[in-house]
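**Q** File model.txt below, compact mmCIF, C-alpha atoms and all ligand atoms:
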```
# COMPACT_ATOMS: atom_id res chain seq x y z
CA MET I 129 29.21 33.61 8.09
CA ASP I 130 32.77 32.75 7.05
CA LYS I 131 34.50 33.88 3.91
CA GLN I 132 33.67 30.68 2.02
CA GLN I 133 29.94 30.86 2.97
CA ARG I 134 29.77 34.51 1.91
CA ALA I 135 31.31 33.61 -1.44
CA GLY I 136 28.73 30.83 -1.79
CA GLU I 137 25.85 33.25 -1.09
CA ARG I 138 27.25 35.73 -3.60
CA GLU I 139 27.53 32.93 -6.14
CA LYS I 140 23.85 32.05 -5.56
CA ASP I 141 22.78 35.69 -6.00
CA ASP I 142 24.71 35.95 -9.24
CA GLY I 143 23.67 32.57 -10.54
CA ASP I 144 20.71 31.44 -12.61
CA GLY I 145 19.03 29.57 -9.76
CA GLY I 146 16.20 32.11 -9.53
CA GLY I 147 16.95 32.57 -5.82
CA GLY I 148 19.15 35.63 -6.08
CA LEU I 149 17.64 39.04 -5.40
CA LEU I 150 19.13 40.48 -8.56
CA CYS I 151 17.78 37.57 -10.56
CA ARG I 152 14.29 38.00 -9.08
CA LEU I 153 14.29 41.75 -9.73
CA ALA I 154 15.57 41.21 -13.26
CA HIS I 155 12.70 38.82 -13.99
CA LEU I 156 10.28 41.52 -12.82
CA VAL I 157 11.79 44.51 -14.60
CA LEU I 158 13.52 43.31 -17.75
CA PRO I 159 10.38 42.12 -19.58
CA TYR I 160 9.33 45.77 -19.77
CA LEU I 161 12.42 46.78 -21.75
CA GLU I 162 12.58 47.50 -25.45
CA PRO I 163 14.89 45.17 -27.43
CA THR I 164 17.80 47.65 -27.63
CA ASP I 165 17.69 48.38 -23.88
CA LEU I 166 17.44 44.68 -23.14
CA ALA I 167 20.56 44.07 -25.26
CA SER I 168 22.47 46.83 -23.37
CA VAL I 169 21.43 45.45 -19.97
CA SER I 170 22.35 41.96 -21.07
CA ALA I 171 25.96 43.04 -21.60
CA THR I 172 26.41 44.25 -17.99
CA CYS I 173 26.69 41.02 -15.97
CA LYS I 174 26.12 37.28 -16.08
CA VAL I 175 22.75 37.30 -14.23
CA LEU I 176 21.25 39.97 -16.44
CA HIS I 177 22.65 38.24 -19.50
CA VAL I 178 20.96 34.95 -18.59
CA VAL I 179 17.61 36.60 -17.76
CA SER I 180 17.69 38.76 -20.93
CA LYS I 181 18.47 35.71 -23.02
CA ALA I 182 15.47 33.85 -21.59
CA ILE I 183 13.18 36.82 -22.25
CA THR I 184 14.48 37.20 -25.81
CA SER I 185 13.93 33.54 -26.62
CA ARG I 186 10.36 33.75 -25.22
CA ARG I 187 9.70 36.75 -27.44
CA ILE I 188 11.09 34.97 -30.51
CA SER I 189 9.17 31.77 -29.86
CA ASP I 190 5.71 33.36 -29.67
CA ALA I 191 4.71 36.81 -30.95
CA SER I 192 1.36 36.43 -29.15
CA ARG I 193 2.91 35.66 -25.74
CA HIS I 194 0.48 32.80 -25.14
CA LEU I 195 -2.56 34.93 -26.00
CA GLU I 196 -3.45 32.83 -29.05
CA ASN I 197 -4.28 29.17 -29.59
CA HIS I 198 -0.97 28.47 -31.32
CA PRO I 199 2.49 29.93 -30.71
CA ILE I 200 3.60 32.28 -33.51
CA PRO I 201 7.39 32.12 -33.88
CA PHE I 202 9.67 34.66 -35.62
CA PHE I 203 12.20 33.51 -38.26
CA ASN I 204 14.87 35.81 -39.66
CA SER I 205 17.64 34.74 -41.99
CA VAL I 206 18.00 38.24 -43.47
CA ASP I 207 19.48 40.45 -40.72
CA SER I 208 20.09 40.59 -36.97
CA GLU I 209 16.59 41.73 -35.85
CA LEU I 210 15.33 38.80 -33.77
CA TYR I 211 11.67 39.82 -33.45
CA ALA I 212 9.33 42.77 -33.98
CA ASN I 213 8.63 45.02 -31.03
CA PHE I 214 4.94 45.70 -30.30
CA ILE I 215 2.26 45.05 -27.69
CA TYR I 216 0.03 42.09 -28.48
CA THR I 217 -3.73 42.42 -28.16
CA PRO I 218 -5.95 39.56 -29.36
CA VAL I 219 -9.03 41.85 -29.31
CA GLN I 220 -9.89 45.40 -30.35
CA THR I 221 -8.85 48.07 -27.88
CA LEU I 222 -9.31 51.80 -27.31
CA PRO I 223 -6.32 54.15 -27.59
CA SER I 224 -4.39 54.53 -24.35
CA SER I 225 -6.74 52.24 -22.47
CA PRO I 226 -5.42 51.88 -18.87
CA SER I 227 -5.20 48.10 -19.19
CA ILE I 228 -2.99 48.56 -22.23
CA ALA I 229 -0.83 51.25 -20.65
CA ASN I 230 0.24 48.72 -18.02
CA LEU I 231 1.29 46.10 -20.51
CA CYS I 232 4.85 45.32 -21.32
CA TRP I 233 6.07 43.89 -24.59
CA GLY I 234 3.68 41.23 -25.73
CA GLY I 235 1.29 41.83 -22.87
CA ASP I 236 2.79 39.34 -20.45
CA ILE I 237 5.84 39.39 -18.26
CA SER I 238 5.75 35.86 -16.98
CA GLY I 239 5.51 33.69 -20.07
CA ARG I 240 2.57 31.89 -18.42
CA SER I 241 0.57 29.63 -20.68
CA ASP I 242 -2.71 29.79 -18.71
CA ARG I 243 -3.83 33.19 -19.92
CA VAL I 244 -7.56 33.81 -20.37
CA ARG I 245 -8.69 35.28 -23.70
CA PRO I 246 -10.17 38.75 -23.21
CA ASP I 247 -13.76 39.56 -24.24
CA PRO I 248 -13.85 40.13 -28.02
CA PHE I 249 -16.55 42.82 -27.69
CA LEU I 250 -15.33 46.27 -26.81
CA VAL I 251 -18.74 47.99 -26.52
CA ARG I 252 -22.04 46.20 -25.83
CA VAL I 253 -25.50 47.50 -26.78
CA GLU I 254 -27.63 47.76 -23.64
CA GLY I 255 -30.91 45.82 -23.91
CA ALA I 256 -30.13 44.36 -27.35
CA HIS I 257 -31.85 41.13 -28.38
CA GLY I 258 -29.84 38.04 -29.20
CA CYS I 259 -30.93 34.48 -29.77
CA ASP I 260 -32.42 32.04 -27.27
CA CYS I 261 -31.21 28.87 -28.97
CA GLY I 262 -29.10 26.47 -27.01
CA SER I 263 -27.04 25.33 -29.99
CA CYS I 264 -26.58 27.54 -33.04
CA ASP I 265 -24.53 25.16 -35.14
CA SER I 266 -25.41 25.41 -38.84
CA ASP I 267 -24.56 21.71 -39.27
CA SER I 268 -27.33 20.77 -36.84
CA GLY I 269 -29.94 22.59 -39.00
CA SER I 270 -30.30 25.45 -36.53
CA ASN I 271 -32.53 28.37 -37.47
CA CYS I 272 -30.65 30.76 -35.23
CA PRO I 273 -31.71 34.36 -36.08
CA CYS I 274 -28.11 35.55 -35.62
CA MET I 275 -26.85 33.32 -38.38
CA ASP I 276 -26.01 34.54 -41.88
CA PHE I 277 -27.54 32.14 -44.39
CA SER I 278 -26.19 34.01 -47.45
CA GLY I 279 -23.05 31.89 -47.48
CA LEU I 280 -20.78 34.57 -46.01
CA PRO I 281 -20.06 34.31 -42.27
CA THR I 282 -20.69 38.00 -41.61
CA ARG I 283 -23.12 37.62 -38.68
CA GLU I 284 -22.50 35.83 -35.42
CA CYS I 285 -23.98 35.33 -32.00
CA GLY I 286 -22.76 37.85 -29.46
CA PRO I 287 -23.01 39.19 -25.93
CA SER I 288 -26.82 39.45 -25.98
CA CYS I 289 -27.32 35.75 -26.91
CA ARG I 290 -28.11 32.95 -24.50
CA CYS I 291 -25.53 30.60 -26.00
CA GLY I 292 -22.02 30.53 -24.59
CA SER I 293 -18.53 30.79 -26.01
CA GLU I 294 -18.67 27.21 -27.34
CA CYS I 295 -21.56 28.09 -29.71
CA GLY I 296 -20.91 27.10 -33.34
CA ASN I 297 -21.88 30.56 -34.58
CA ARG I 298 -18.94 32.33 -32.95
CA LEU I 299 -16.30 31.31 -35.46
CA THR I 300 -14.22 34.50 -35.35
CA GLN I 301 -14.39 35.09 -31.60
CA LYS I 302 -11.93 32.42 -30.51
CA GLY I 303 -8.70 33.87 -31.85
CA LEU I 304 -6.19 32.71 -34.43
CA SER I 305 -7.39 29.50 -36.05
CA ALA I 306 -4.47 28.45 -38.29
CA LYS I 307 -0.82 27.79 -37.56
CA VAL I 308 1.25 30.73 -38.82
CA LYS I 309 4.75 32.16 -38.41
CA VAL I 310 6.39 35.55 -38.91
CA VAL I 311 9.22 35.47 -41.44
CA LYS I 312 11.55 38.35 -42.36
CA ASP I 313 11.65 39.25 -46.03
CA ARG I 314 14.63 41.17 -47.41
CA ARG I 315 12.48 43.83 -49.09
CA LYS I 316 9.07 43.81 -47.38
CA GLY I 317 10.18 43.48 -43.76
CA TRP I 318 8.29 40.97 -41.59
CA SER I 319 5.64 38.86 -43.32
CA LEU I 320 3.01 36.41 -42.10
CA CYS I 321 3.35 32.89 -43.54
CA ALA I 322 1.35 29.69 -43.22
CA ALA I 323 2.94 27.09 -40.96
CA GLU I 324 0.53 24.42 -42.24
CA LEU I 325 -1.74 23.81 -45.23
CA ILE I 326 -4.80 26.06 -44.91
CA PRO I 327 -8.01 25.08 -46.75
CA LYS I 328 -10.07 27.62 -48.74
CA GLY I 329 -12.63 29.60 -46.75
CA LYS I 330 -10.99 29.12 -43.35
CA PHE I 331 -11.14 31.92 -40.79
CA ILE I 332 -7.55 32.99 -40.09
CA CYS I 333 -7.61 35.91 -37.65
CA GLU I 334 -9.15 39.25 -36.81
CA TYR I 335 -7.32 42.55 -37.47
CA THR I 336 -6.99 43.99 -33.98
CA GLY I 337 -5.43 47.17 -32.67
CA GLU I 338 -6.40 50.58 -31.39
CA LEU I 339 -9.81 51.67 -32.66
CA LEU I 340 -9.46 55.30 -33.74
CA SER I 341 -11.74 58.16 -34.65
CA THR I 342 -11.25 59.36 -38.21
CA GLU I 343 -9.65 62.56 -36.90
CA GLU I 344 -7.10 60.60 -34.84
CA ALA I 345 -6.46 58.20 -37.74
CA ARG I 346 -5.64 61.14 -40.04
CA LYS I 347 -3.31 62.64 -37.41
CA ARG I 348 -1.47 59.36 -36.98
CA GLN I 349 -1.25 58.72 -40.73
CA LYS I 350 0.41 62.13 -41.14
CA LEU I 351 2.86 61.32 -38.36
CA TYR I 352 3.68 57.88 -39.82
CA ASP I 353 4.23 59.40 -43.29
CA GLU I 354 6.68 61.88 -41.77
CA ILE I 355 8.52 59.14 -39.86
CA GLN I 356 8.74 57.03 -43.01
CA LYS I 357 10.17 59.95 -44.97
CA SER I 358 12.68 61.08 -42.35
CA SER I 359 13.75 57.84 -40.67
CA LYS I 360 16.74 55.94 -41.99
CA ARG I 361 15.46 52.76 -40.35
CA HIS I 362 12.66 50.72 -41.94
CA PHE I 363 9.38 51.78 -40.32
CA SER I 364 6.21 49.78 -40.99
CA PRO I 365 2.98 51.47 -39.95
CA ALA I 366 -0.06 49.21 -39.67
CA LEU I 367 -3.03 51.56 -39.82
CA LEU I 368 -5.96 49.90 -41.56
CA VAL I 369 -9.01 51.84 -42.77
CA VAL I 370 -11.97 49.72 -43.84
CA LYS I 371 -14.95 51.37 -45.52
CA GLU I 372 -18.39 49.89 -46.12
CA HIS I 373 -20.27 51.22 -49.15
CA LEU I 374 -23.97 51.53 -49.92
CA PRO I 375 -25.17 50.25 -53.33
CA SER I 376 -25.00 53.94 -54.41
CA GLY I 377 -21.25 53.87 -53.81
CA ASN I 378 -21.41 56.24 -50.83
CA VAL I 379 -19.48 55.25 -47.72
CA CYS I 380 -21.86 54.29 -44.89
CA MET I 381 -19.35 53.15 -42.30
CA ARG I 382 -15.60 53.25 -41.72
CA ILE I 383 -13.42 51.52 -39.16
CA ASN I 384 -9.91 52.80 -38.38
CA ILE I 385 -7.68 50.24 -36.66
CA ASP I 386 -4.10 51.09 -35.80
CA ALA I 387 -1.94 48.04 -35.05
CA THR I 388 1.36 49.89 -35.29
CA ARG I 389 2.07 49.91 -31.52
CA ILE I 390 -0.68 47.63 -30.21
CA GLY I 391 -2.09 44.90 -32.41
CA ASN I 392 -2.14 41.24 -33.25
CA ILE I 393 -0.56 38.98 -35.81
CA ALA I 394 -2.55 40.53 -38.68
CA ARG I 395 -0.23 43.55 -38.49
CA PHE I 396 2.36 41.47 -40.36
CA ILE I 397 0.20 40.76 -43.41
CA ASN I 398 1.74 42.38 -46.48
CA HIS I 399 0.08 43.73 -49.61
CA SER I 400 -0.32 41.89 -52.89
CA CYS I 401 -1.54 43.67 -56.05
CA ASP I 402 -3.43 40.56 -57.20
CA GLY I 403 -5.47 40.45 -53.98
CA GLY I 404 -3.29 37.75 -52.42
CA ASN I 405 -4.83 34.72 -50.77
CA LEU I 406 -6.97 36.40 -48.08
CA CYS I 407 -10.28 38.23 -48.13
CA THR I 408 -11.50 40.62 -45.47
CA LEU I 409 -15.02 40.40 -44.07
CA ILE I 410 -16.75 42.76 -41.67
CA VAL I 411 -18.33 40.58 -39.00
CA ARG I 412 -21.17 41.76 -36.75
CA SER I 413 -22.36 40.10 -33.55
CA SER I 414 -25.74 40.44 -31.81
CA GLY I 415 -25.44 42.89 -28.94
CA ALA I 416 -22.00 44.20 -29.92
CA LEU I 417 -21.88 47.81 -31.08
CA LEU I 418 -18.76 47.55 -33.19
CA PRO I 419 -18.17 45.24 -36.13
CA ARG I 420 -14.82 43.44 -36.41
CA VAL I 421 -12.54 43.05 -39.43
CA CYS I 422 -11.70 39.41 -40.10
CA PHE I 423 -9.46 37.56 -42.57
CA PHE I 424 -10.48 34.35 -44.35
CA SER I 425 -8.45 32.32 -46.87
CA SER I 426 -9.71 32.97 -50.41
CA ARG I 427 -8.07 29.79 -51.72
CA VAL I 428 -5.98 26.86 -50.48
CA ILE I 429 -2.76 28.20 -48.94
CA LEU I 430 0.28 25.96 -48.92
CA GLU I 431 2.57 25.52 -45.92
CA ASN I 432 5.29 28.25 -45.95
CA GLU I 433 3.30 30.39 -48.40
CA GLU I 434 3.04 34.06 -47.46
CA LEU I 435 -0.42 35.37 -46.50
CA ALA I 436 -1.35 38.60 -48.30
CA PHE I 437 -4.30 40.79 -49.21
CA SER I 438 -4.80 43.96 -51.23
CA TYR I 439 -4.28 47.19 -49.27
CA GLY I 440 -6.42 49.05 -51.81
CA ASP I 441 -6.37 50.50 -55.26
CA THR I 442 -3.05 51.95 -56.43
CA ALA I 443 -4.93 54.17 -58.84
CA VAL I 444 -6.50 56.10 -55.91
CA ASN I 445 -3.26 57.46 -54.56
CA SER I 446 0.30 56.31 -54.11
CA THR I 447 2.93 57.05 -51.50
CA GLY I 448 5.72 56.26 -53.89
CA SER I 449 6.79 53.27 -51.74
CA GLN I 450 7.88 50.46 -53.96
CA CYS I 451 5.79 47.28 -54.01
CA PHE I 452 7.59 43.96 -53.93
CA CYS I 453 4.57 41.66 -54.00
CA ASN I 454 6.00 39.86 -57.02
CA SER I 455 2.56 39.03 -58.42
CA ALA I 456 1.94 38.97 -62.16
CA SER I 457 -0.32 42.02 -61.78
CA CYS I 458 2.08 44.04 -59.59
CA ARG I 459 1.76 47.78 -60.23
CA GLY I 460 5.11 48.54 -58.63
CA ILE I 461 3.71 50.96 -56.04
CA LEU I 462 2.05 50.31 -52.68
CA PRO I 463 -1.54 51.56 -52.45
CA ALA I 464 -2.15 54.29 -49.89
CA GLU I 465 -5.64 55.68 -49.77
CA HIS I 466 -6.20 59.00 -48.04
CA THR I 467 -7.24 58.29 -44.45
C1 LIG I 501 1.00 46.37 -42.09
S1 LIG I 501 2.70 46.45 -42.35
C2 LIG I 501 3.06 44.81 -42.84
C3 LIG I 501 4.21 44.19 -42.03
C4 LIG I 501 5.55 44.82 -42.30
N1 LIG I 501 6.16 44.20 -43.45
C5 LIG I 501 6.46 44.75 -41.10
O1 LIG I 501 7.65 44.53 -41.25
O2 LIG I 501 5.99 44.97 -39.97
C6 LIG I 501 2.74 47.41 -43.82
C7 LIG I 501 4.13 47.75 -44.29
O3 LIG I 501 4.79 46.58 -44.81
C8 LIG I 501 5.53 46.89 -45.98
N2 LIG I 501 4.90 46.17 -47.12
C9 LIG I 501 3.71 45.54 -47.13
N3 LIG I 501 3.47 45.00 -48.33
C10 LIG I 501 4.51 45.28 -49.11
C11 LIG I 501 4.84 45.00 -50.46
N4 LIG I 501 4.05 44.31 -51.25
N5 LIG I 501 6.01 45.49 -50.94
C12 LIG I 501 6.84 46.21 -50.15
N6 LIG I 501 6.61 46.50 -48.85
C13 LIG I 501 5.45 46.04 -48.33
C14 LIG I 501 5.45 48.39 -46.15
O4 LIG I 501 6.54 48.95 -45.47
C15 LIG I 501 4.17 48.74 -45.43
O5 LIG I 501 4.15 50.07 -44.98
```
In structure tokens, write the structure found in this file.
Ligand SMILES: C[S@@+](CC[C@H](N)C(=O)[O-])C[C@H]1O[C@@H](n2cnc3c(N)ncnc32)[C@H](O)[C@@H]1O

**A**
Amino acid sequence: MDKQQRAGEREKDDGDGGGGLLCRLAHLVLPYLEPTDLASVSATCKVLHVVSKAITSRRISDASRHLENHPIPFFNSVDSELYANFIYTPVQTLPSSPSIANLCWGGDISGRSDRVRPDPFLVRVEGAHGCDCGSCDSDSGSNCPCMDFSGLPTRECGPSCRCGSECGNRLTQKGLSAKVKVVKDRRKGWSLCAAELIPKGKFICEYTGELLSTEEARKRQKLYDEIQKSSKRHFSPALLVVKEHLPSGNVCMRINIDATRIGNIARFINHSCDGGNLCTLIVRSSGALLPRVCFFSSRVILENEELAFSYGDTAVNSTGSQCFCNSASCRGILPAEHT
């Protein structure tokens, strides 16, 4: 190989053609890096700069990394943070599950768009009875025993039913159902906004993340409170505790979902003291042990409007964090119930 050929080969290795060894290795390794490390690596040479830039633009263009039905882009006109750093899971997950431990940012290193949605049911009930109907669509006058005829879509077909994933009574099992985007707000941090007009009563998304025991949830809440107090940087924990009450007022069930490190798009929904434009429903499916927490629009939501719900009652307890919901009924303080 003469001098000119060698220079040509070197050029290819350093170039963006995808043929160079460095380029190939960079495509394998760099997607696992945190944003700050990616920025440092990007400054070292042309190849790494080009690969880092491609990874960054993929991260900005879709928070779900092709795991949802619509891409969810980030928009920030407030500061230099290009996107939020977390692992995307479209379904509930257990803490430190091995499949999660192997995931890089966003759960996908390749940017492929042919990803298969994971099973929405974390734990199945052995031998449970579901329905035998072929079609459980309420519009077709079905009498499916899994259906909720009270007007609230709180019961669905599940893993013990004969019907498949296309069944009409599996509304909340197919992922994000409205076009949304993540927009940076100067005071609240990232926020979830509508990217289209959303009619009243539409299923938006589930709240996914790590399903915790109450003991673990309390431990994490304590840790997050300490980080929030001591850290100079804005830290946004996303630990949701949902309690179901008996008519007597006693709590009969609680679900602790932590989306701080691993979660879905719902982790960006901010609090509004007036209840916002979303309501949360606990949805149960035949044959699934665990219920799921789902968001529905409580009124028509305009394009670009922020999605919000109430984190709880400020009167119960307050962390002292200031609320910037801007609603007429704002109490000035973010609710923070004891976990
Ligand atoms: C579940 S996260 C919501 C997304 C978060 N804004 C972010 O940047 O990732 C909850 C955190 O968002 C912020 N937040 C939510 N609602 C807010 C509000 N009405 N006013 C001020 N901060 C709010 C608080 O920092 C809170 O701890």

**Q** Taking all atoms listed in the file into account, which residues have an atom no farther than 10 Å from ligand LIG 501 (chain I)? I'd like them as a PyMOL selection string.

**A** chain I and resi 211-214+310-320+352-353+356+362-368+386-388+393-401+404+436-439+447+449-455+458-464

**Q** Include C-alpha atoms and write out the residues we just selected as an mmCIF file, in the frame of the given file.

**A**
```cif
data_model
loop_
_atom_site.group_PDB
_atom_site.id
_atom_site.type_symbol
_atom_site.label_atom_id
_atom_site.label_comp_id
_atom_site.auth_asym_id
_atom_site.auth_seq_id
_atom_site.Cartn_x
_atom_site.Cartn_y
_atom_site.Cartn_z
ATOM 1 C CA TYR I 211 11.670 39.820 -33.450
ATOM 2 C CA ALA I 212 9.330 42.770 -33.980
ATOM 3 C CA ASN I 213 8.630 45.020 -31.030
ATOM 4 C CA PHE I 214 4.940 45.700 -30.300
ATOM 5 C CA VAL I 310 6.390 35.550 -38.910
ATOM 6 C CA VAL I 311 9.220 35.470 -41.440
ATOM 7 C CA LYS I 312 11.550 38.350 -42.360
ATOM 8 C CA ASP I 313 11.650 39.250 -46.030
ATOM 9 C CA ARG I 314 14.630 41.170 -47.410
ATOM 10 C CA ARG I 315 12.480 43.830 -49.090
ATOM 11 C CA LYS I 316 9.070 43.810 -47.380
ATOM 12 C CA GLY I 317 10.180 43.480 -43.760
ATOM 13 C CA TRP I 318 8.290 40.970 -41.590
ATOM 14 C CA SER I 319 5.640 38.860 -43.320
ATOM 15 C CA LEU I 320 3.010 36.410 -42.100
ATOM 16 C CA TYR I 352 3.680 57.880 -39.820
ATOM 17 C CA ASP I 353 4.230 59.400 -43.290
ATOM 18 C CA GLN I 356 8.740 57.030 -43.010
ATOM 19 C CA HIS I 362 12.660 50.720 -41.940
ATOM 20 C CA PHE I 363 9.380 51.780 -40.320
ATOM 21 C CA SER I 364 6.210 49.780 -40.990
ATOM 22 C CA PRO I 365 2.980 51.470 -39.950
ATOM 23 C CA ALA I 366 -0.060 49.210 -39.670
ATOM 24 C CA LEU I 367 -3.030 51.560 -39.820
ATOM 25 C CA LEU I 368 -5.960 49.900 -41.560
ATOM 26 C CA ASP I 386 -4.100 51.090 -35.800
ATOM 27 C CA ALA I 387 -1.940 48.040 -35.050
ATOM 28 C CA THR I 388 1.360 49.890 -35.290
ATOM 29 C CA ILE I 393 -0.560 38.980 -35.810
ATOM 30 C CA ALA I 394 -2.550 40.530 -38.680
ATOM 31 C CA ARG I 395 -0.230 43.550 -38.490
ATOM 32 C CA PHE I 396 2.360 41.470 -40.360
ATOM 33 C CA ILE I 397 0.200 40.760 -43.410
ATOM 34 C CA ASN I 398 1.740 42.380 -46.480
ATOM 35 C CA HIS I 399 0.080 43.730 -49.610
ATOM 36 C CA SER I 400 -0.320 41.890 -52.890
ATOM 37 C CA CYS I 401 -1.540 43.670 -56.050
ATOM 38 C CA GLY I 404 -3.290 37.750 -52.420
ATOM 39 C CA ALA I 436 -1.350 38.600 -48.300
ATOM 40 C CA PHE I 437 -4.300 40.790 -49.210
ATOM 41 C CA SER I 438 -4.800 43.960 -51.230
ATOM 42 C CA TYR I 439 -4.280 47.190 -49.270
ATOM 43 C CA THR I 447 2.930 57.050 -51.500
ATOM 44 C CA SER I 449 6.790 53.270 -51.740
ATOM 45 C CA GLN I 450 7.880 50.460 -53.960
ATOM 46 C CA CYS I 451 5.790 47.280 -54.010
ATOM 47 C CA PHE I 452 7.590 43.960 -53.930
ATOM 48 C CA CYS I 453 4.570 41.660 -54.000
ATOM 49 C CA ASN I 454 6.000 39.860 -57.020
ATOM 50 C CA SER I 455 2.560 39.030 -58.420
ATOM 51 C CA CYS I 458 2.080 44.040 -59.590
ATOM 52 C CA ARG I 459 1.760 47.780 -60.230
ATOM 53 C CA GLY I 460 5.110 48.540 -58.630
ATOM 54 C CA ILE I 461 3.710 50.960 -56.040
ATOM 55 C CA LEU I 462 2.050 50.310 -52.680
ATOM 56 C CA PRO I 463 -1.540 51.560 -52.450
ATOM 57 C CA ALA I 464 -2.150 54.290 -49.890
#
```

**Q** Do you know which residues are at most 8 Å from range 291-299 of chain I counting all atoms listed in the file, after dropping those on the same chain fewer than 3 positions away, and could you put them as a PyMOL selection string?

**A** chain I and resi 259-266+275+284-286+302+331

**Q** Which distance in Å separates CA of Ser170 in chain I and CA of Leu153 in chain I, to one decimal?

**A**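 Result for CA of Ser170 in chain I versus CA of Leu153 in chain I: 13.9 Å, one decimal.
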
**Q** Extract, using all atoms listed in the file, all DNA, RNA and protein residues at most 10 Å from Arg187 in chain I, discarding same-chain residues fewer than 5 positions from it, and format them as a PyMOL selection string.

**A** chain I and resi 159+163+181-182+192-193+200-202+210-213+233-234+239

**Q** Quick one: of I:Gly403, I:Gly415, I:Pro218, I:Gly440, who's nearest to His257 in chain I, counting all atoms listed in the file?

**A** I:Gly415

**Q** Which residue out of I:Cys321, I:Leu304, I:Val369, I:Pro248 has the minimum interatomic distance to Gln349 in chain I when all atoms listed in the file are used?

**A**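 Nearest to Gln349 in chain I: I:Val369.
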
**Q** Considering all atoms listed in the file, can you say which of I:Cys151, I:Cys274, I:Ala322, I:Val253 comes closest to Asn432 in chain I?

**A**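 For Asn432 in chain I, the nearest of the candidates is I:Ala322.
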
**Q** Some atoms are missing, so please complete range 399-412 of chain I with N, CA and C atoms and return it as an mmCIF file, in the coordinates of the input.

**A**
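Written output follows (part-v5.cif):
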```
data_model
loop_
_atom_site.group_PDB
_atom_site.id
_atom_site.type_symbol
_atom_site.label_atom_id
_atom_site.label_comp_id
_atom_site.auth_asym_id
_atom_site.auth_seq_id
_atom_site.Cartn_x
_atom_site.Cartn_y
_atom_site.Cartn_z
ATOM 1 N N HIS I 399 0.975 43.457 -48.470
ATOM 2 C CA HIS I 399 0.080 43.730 -49.610
ATOM 3 C C HIS I 399 0.450 42.892 -50.835
ATOM 4 N N SER I 400 -0.575 42.482 -51.577
ATOM 5 C CA SER I 400 -0.320 41.890 -52.890
ATOM 6 C C SER I 400 -1.282 42.530 -53.896
ATOM 7 N N CYS I 401 -0.723 42.961 -55.041
ATOM 8 C CA CYS I 401 -1.540 43.670 -56.050
ATOM 9 C C CYS I 401 -2.612 42.768 -56.656
ATOM 10 N N ASP I 402 -2.413 41.445 -56.610
ATOM 11 C CA ASP I 402 -3.430 40.560 -57.200
ATOM 12 C C ASP I 402 -4.485 40.135 -56.171
ATOM 13 N N GLY I 403 -4.468 40.760 -55.003
ATOM 14 C CA GLY I 403 -5.470 40.450 -53.980
ATOM 15 C C GLY I 403 -4.988 39.385 -53.000
ATOM 16 N N GLY I 404 -3.877 38.744 -53.328
ATOM 17 C CA GLY I 404 -3.290 37.750 -52.420
ATOM 18 C C GLY I 404 -4.178 36.532 -52.219
ATOM 19 N N ASN I 405 -4.089 35.943 -51.057
ATOM 20 C CA ASN I 405 -4.830 34.720 -50.770
ATOM 21 C C ASN I 405 -5.798 34.879 -49.597
ATOM 22 N N LEU I 406 -6.042 36.151 -49.197
ATOM 23 C CA LEU I 406 -6.970 36.400 -48.080
ATOM 24 C C LEU I 406 -8.072 37.353 -48.522
ATOM 25 N N CYS I 407 -9.257 37.196 -47.930
ATOM 26 C CA CYS I 407 -10.280 38.230 -48.130
ATOM 27 C C CYS I 407 -10.689 38.753 -46.763
ATOM 28 N N THR I 408 -11.089 40.019 -46.733
ATOM 29 C CA THR I 408 -11.500 40.620 -45.470
ATOM 30 C C THR I 408 -13.029 40.654 -45.412
ATOM 31 N N LEU I 409 -13.572 40.316 -44.259
ATOM 32 C CA LEU I 409 -15.020 40.400 -44.070
ATOM 33 C C LEU I 409 -15.282 41.221 -42.812
ATOM 34 N N ILE I 410 -16.331 42.027 -42.864
ATOM 35 C CA ILE I 410 -16.750 42.760 -41.670
ATOM 36 C C ILE I 410 -17.778 41.898 -40.954
ATOM 37 N N VAL I 411 -17.471 41.512 -39.735
ATOM 38 C CA VAL I 411 -18.330 40.580 -39.000
ATOM 39 C C VAL I 411 -19.051 41.308 -37.863
ATOM 40 N N ARG I 412 -20.371 41.127 -37.806
ATOM 41 C CA ARG I 412 -21.170 41.760 -36.750
ATOM 42 C C ARG I 412 -21.723 40.697 -35.807
#
```
